[in-house]
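Presented below is the structure to which this report refers.
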Amino acid sequence: MPGDEVVLTLEDVEVHFENKSSLLDFGGESETVRAVDGVSLDIYERDVIALVGESGCGKTTLGKTSIGLQRPTGGSVKYRGEDIWDIRDGKVDTDTEWADIRQSLQIIHQDPGASLNPNRRLVSILSEPLRQVNPNLSKQEKRERIYALLERVGMTPAADFAERYPHQLSGGEQQRVALCRALLMNPDVILADEAISALDVSLRVEMMDLMLDLQEEFDTSYVFISHDLSNARYFTAHSGGRIGVMYLGQIAEIGPAEAMIQDPHHPYTNVLRWATPDLSLQDAGEVPMRKIDIPDPIDPPKGCNFQTRCPEAREACRQADPQTYHAENQRVRCFREDEDHEYWESPELTD
Ligand SMILES: Nc1ncnc2c1ncn2[C@@H]1O[C@H](COP(=O)(O)OP(=O)(O)OP(=O)(O)O)[C@@H](O)[C@H]1O
């Protein structure tokens with residue numbers, strides 16, 4: 001269960017990428033990709049946030065921005081109340097060092113093979129974080145801790161695994177090593193970016209269970225990125241976490257797993273639910289959207305960014321961007337949460 005202390009505070013975060021147009025474009029104008037577009041979010045100690053949404057909706061960019069790997073072009077990201085980028089840029093007088101924040105905010109990727117040094121044995125790969133966090137540990141103490149952790153994640157006999165190179169491991173074992181390496185940093189938050197997507201389906205639940213078991217021992221939070229709502233549901237339901245549904249750079253709806261699955265408020269959450277057969281929830285029928293094509297993040301729709309596809313859209317949705325409303329369990333970016341809104345009097349969009 002999440003604690004009371006907020007570790008990361010995102011306030012109205014924007015990440016807009018300027019892409020230079022091609023050389024053939026003599027105007028030389030640049031295009032702005034609105035990868036993240038006004039996200040506010042608190043991440044608590046021992047929290048779990050699963051970010052879900054279609055490819056390109058901004059999950060990875062938001063995740064990386066949360067842990068200080070991507071500079072926001074607007075808004076702020078704070079670590080325990082202090083602006084990460086002010087500290088990185090040396091703009092503030094504080095005892096908090098960027099190196100310490102960096103250590104507290106870790107990442108594991110979809111492809112652990114690519115992030116583990118192929119020329120080093122596991123004992124050497126895992127000694128590195130220990131050396132950084134506890135420089136006074138003897139070689140023997142480091143080895144003992146590494147063996148204990150390898151055993152803890154089911155890689156036994158640990159003494160044997162410790163001497164292997166990454167290519168001598170299966171994908172699941174590599175991902176467990178990547179998790180161990182992140183945990184040995186004693187992180188406050190681990191960004192797991194599609195960290196289970198490349199594993200066999202049969203190993204995904206095992207890996208999620210392991211991550212959650214170790215969460216308690218290591219007192220860490222997870223930002224878990226997945227394109228699969230049923231994995232996001234499993235991971236958050238077992239940890240008291242929240243699912244955040246992203247659409248074109250914004251969080252359309254966020255809330256506890258079961259509320260999001262059983263009682264989605266945002267029409268786009270309903271679309272994701274419909275598109276996830278594993279939930280065994282969808283009524284047979286048409287996709288609950290007016291159009292299938294995703295708008296271009298270079299030129300997102302005016303007003304609510306989902307209005308071009310939303311089955312509930314009305315004229316009012318073209319006129320203004322909805323604020324985030326507090327529903328009973330969720331936070332929802334949709335006018336339909338406000339029973340007095342002019343939305344209810346405005347004509348339906350049918351095109
Ligand atoms: N460095 C970059 N420069 C320019 N555009 C970028 C950059 N990184 C991401 N984008 C664009 O920003 C948008 C969001 O990308 P992002 O990778 O965050 O989405 P995602 O939801 O994680 O997608 P996927 O599930 O495919 O990984 C996309 O349109 C992407 O093309």
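Identifiers for the structure tokens are assigned positionally: chains receive A, B, ... in sequence, residues are indexed from 1 per chain, and ligands are indexed from 1 in the order shown.
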Taking only C-alpha atoms and all ligand atoms into account, which residues are within 9 Å of ligand 1, as a PyMOL selection string?
-> chain A and resi 15-19+32-36+51-64+193-194+225-227+246-249+296-298
If we count only C-alpha atoms and set the cut-off at 8 Å, which residues sit around Gln323 of chain A, ignoring sequence neighbours fewer than 5 positions away in its own chain? Please answer as an MDAnalysis selection string. chainID A and resid 333:335
Near Asp209 of chain A, counting only C-alpha atoms, which residues have an atom at most 9 Å away, once you skip same-chain residues fewer than 5 positions from it, shown as a PDB file with N, CA and C atoms, in the first residue's frame?
ATOM      1  N   ARG A 204       5.117 -13.690 -17.360  1.00  0.00           N
ATOM      2  CA  ARG A 204       4.806 -12.299 -17.016  1.00  0.00           C
ATOM      3  C   ARG A 204       4.261 -12.160 -15.596  1.00  0.00           C
ATOM      4  N   LEU A 214       9.291  -7.900  -3.947  1.00  0.00           N
ATOM      5  CA  LEU A 214      10.511  -7.148  -3.628  1.00  0.00           C
ATOM      6  C   LEU A 214      10.193  -5.690  -3.293  1.00  0.00           C
ATOM      7  N   PHE A 235      -1.070  -5.825 -11.951  1.00  0.00           N
ATOM      8  CA  PHE A 235       0.023  -5.211 -11.185  1.00  0.00           C
ATOM      9  C   PHE A 235      -0.500  -4.203 -10.159  1.00  0.00           C
ATOM     10  N   HIS A 238      -2.868  -5.856  -7.242  1.00  0.00           N
ATOM     11  CA  HIS A 238      -2.152  -6.574  -6.191  1.00  0.00           C
ATOM     12  C   HIS A 238      -1.306  -5.656  -5.322  1.00  0.00           C
TER      13      HIS A 238
END
For atom CA of Glu144 of chain A and atom CA of Ala195 of chain A, quote the distance in Å rounded to one decimal.
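One can read the atom CA of Glu144 of chain A to atom CA of Ala195 of chain A distance as 26.8 Å.
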(request) Please report, as a ChimeraX atom specification, each residue of segment 171-328 of chain A to which DSSP assigns strand (DSSP E) when run on this structure's backbone. (result) /A:189-193,221-225,242-247,250-256,325-326
Of A:His109, A:Ser138, A:Ala232, A:Val332, the one sitting nearest Val177 of chain A when using only C-alpha atoms is A:His109
Atom-to-atom span, atom CA of Arg331 of chain A and atom CA of Lys291 of chain A, Å
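Separating atom CA of Arg331 of chain A from atom CA of Lys291 of chain A is a distance of 24.7 Å.
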Distance query Val205 of chain A at most 12 Å, only C-alpha atoms, self and fewer than 5 positions along chain excluded, as a ChimeraX atom specification: /A:172,195-197,199-200,210-212,230-235,238
Using only C-alpha atoms, which of A:Gly171, A:Gly81, A:Gly75, A:Pro2 sits nearest Glu45 of chain A?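 Checking each of A:Gly171, A:Gly81, A:Gly75, A:Pro2 against Glu45 of chain A, counting only C-alpha atoms, the winner is A:Pro2.
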Hey, what's within 12 Å of Leu150 of chain A if we count only C-alpha atoms and toss same-chain stuff fewer than 6 positions away? As a short mmCIF file (atom, residue, chain, number, x, y, z; two decimals) with C-alpha atoms, in the first residue's frame, please?
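To be explicit, this is the file written out as selection36.cif:
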data_model
loop_
_atom_site.label_atom_id
_atom_site.label_comp_id
_atom_site.auth_asym_id
_atom_site.auth_seq_id
_atom_site.Cartn_x
_atom_site.Cartn_y
_atom_site.Cartn_z
CA LEU A 122 26.71 -10.96 -13.05
CA VAL A 123 28.76 -10.60 -9.89
CA LEU A 126 25.67 -6.32 -9.48
CA ARG A 143 29.38 -11.12 -2.78
CA GLU A 144 27.18 -12.31 0.11
CA THR A 156 20.01 -20.74 -7.77
CA PRO A 157 22.64 -21.92 -7.21
CA ALA A 158 23.58 -18.25 -6.82
CA ALA A 159 27.32 -18.94 -6.87
CA ASP A 160 26.92 -20.50 -10.28
CA PHE A 161 24.69 -17.76 -11.72
CA ALA A 162 26.97 -15.04 -10.34
CA GLU A 163 29.79 -16.20 -12.63
CA GLU A 173 16.67 -14.26 -15.97
CA GLN A 174 18.16 -11.19 -17.61
CA ARG A 176 15.49 -10.39 -12.99
CA VAL A 177 19.13 -9.30 -13.00
CA ALA A 178 18.10 -5.88 -14.31
CA LEU A 179 15.56 -5.67 -11.47
CA CYS A 180 18.21 -6.72 -8.90
CA ARG A 181 20.61 -4.11 -10.24
CA LEU A 183 16.94 -2.52 -6.41
CA LEU A 184 20.53 -2.58 -5.13
#
The distance between atom CA of Gln262 of chain A and atom CA of Gln250 of chain A is 21.7 Å
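Shortest atom-to-atom contact with Gln106 of chain A among A:Ile87, A:Ala148, A:Leu69, A:Ala182: A:Ala182, counting only C-alpha atoms.
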Of A:Leu105, A:Cys310, A:Ile43, A:Cys317, the one sitting nearest Glu5 of chain A when using only C-alpha atoms is A:Ile43
Checklist line | Long-range neighbours of Ile67 of chain A as a PyMOL selection string, 9 Å cut-off, only C-alpha atoms, 4 positions minimum in chain | finding: chain A and resi 8+62-63+77+79+84+101-102+104-107+189-191
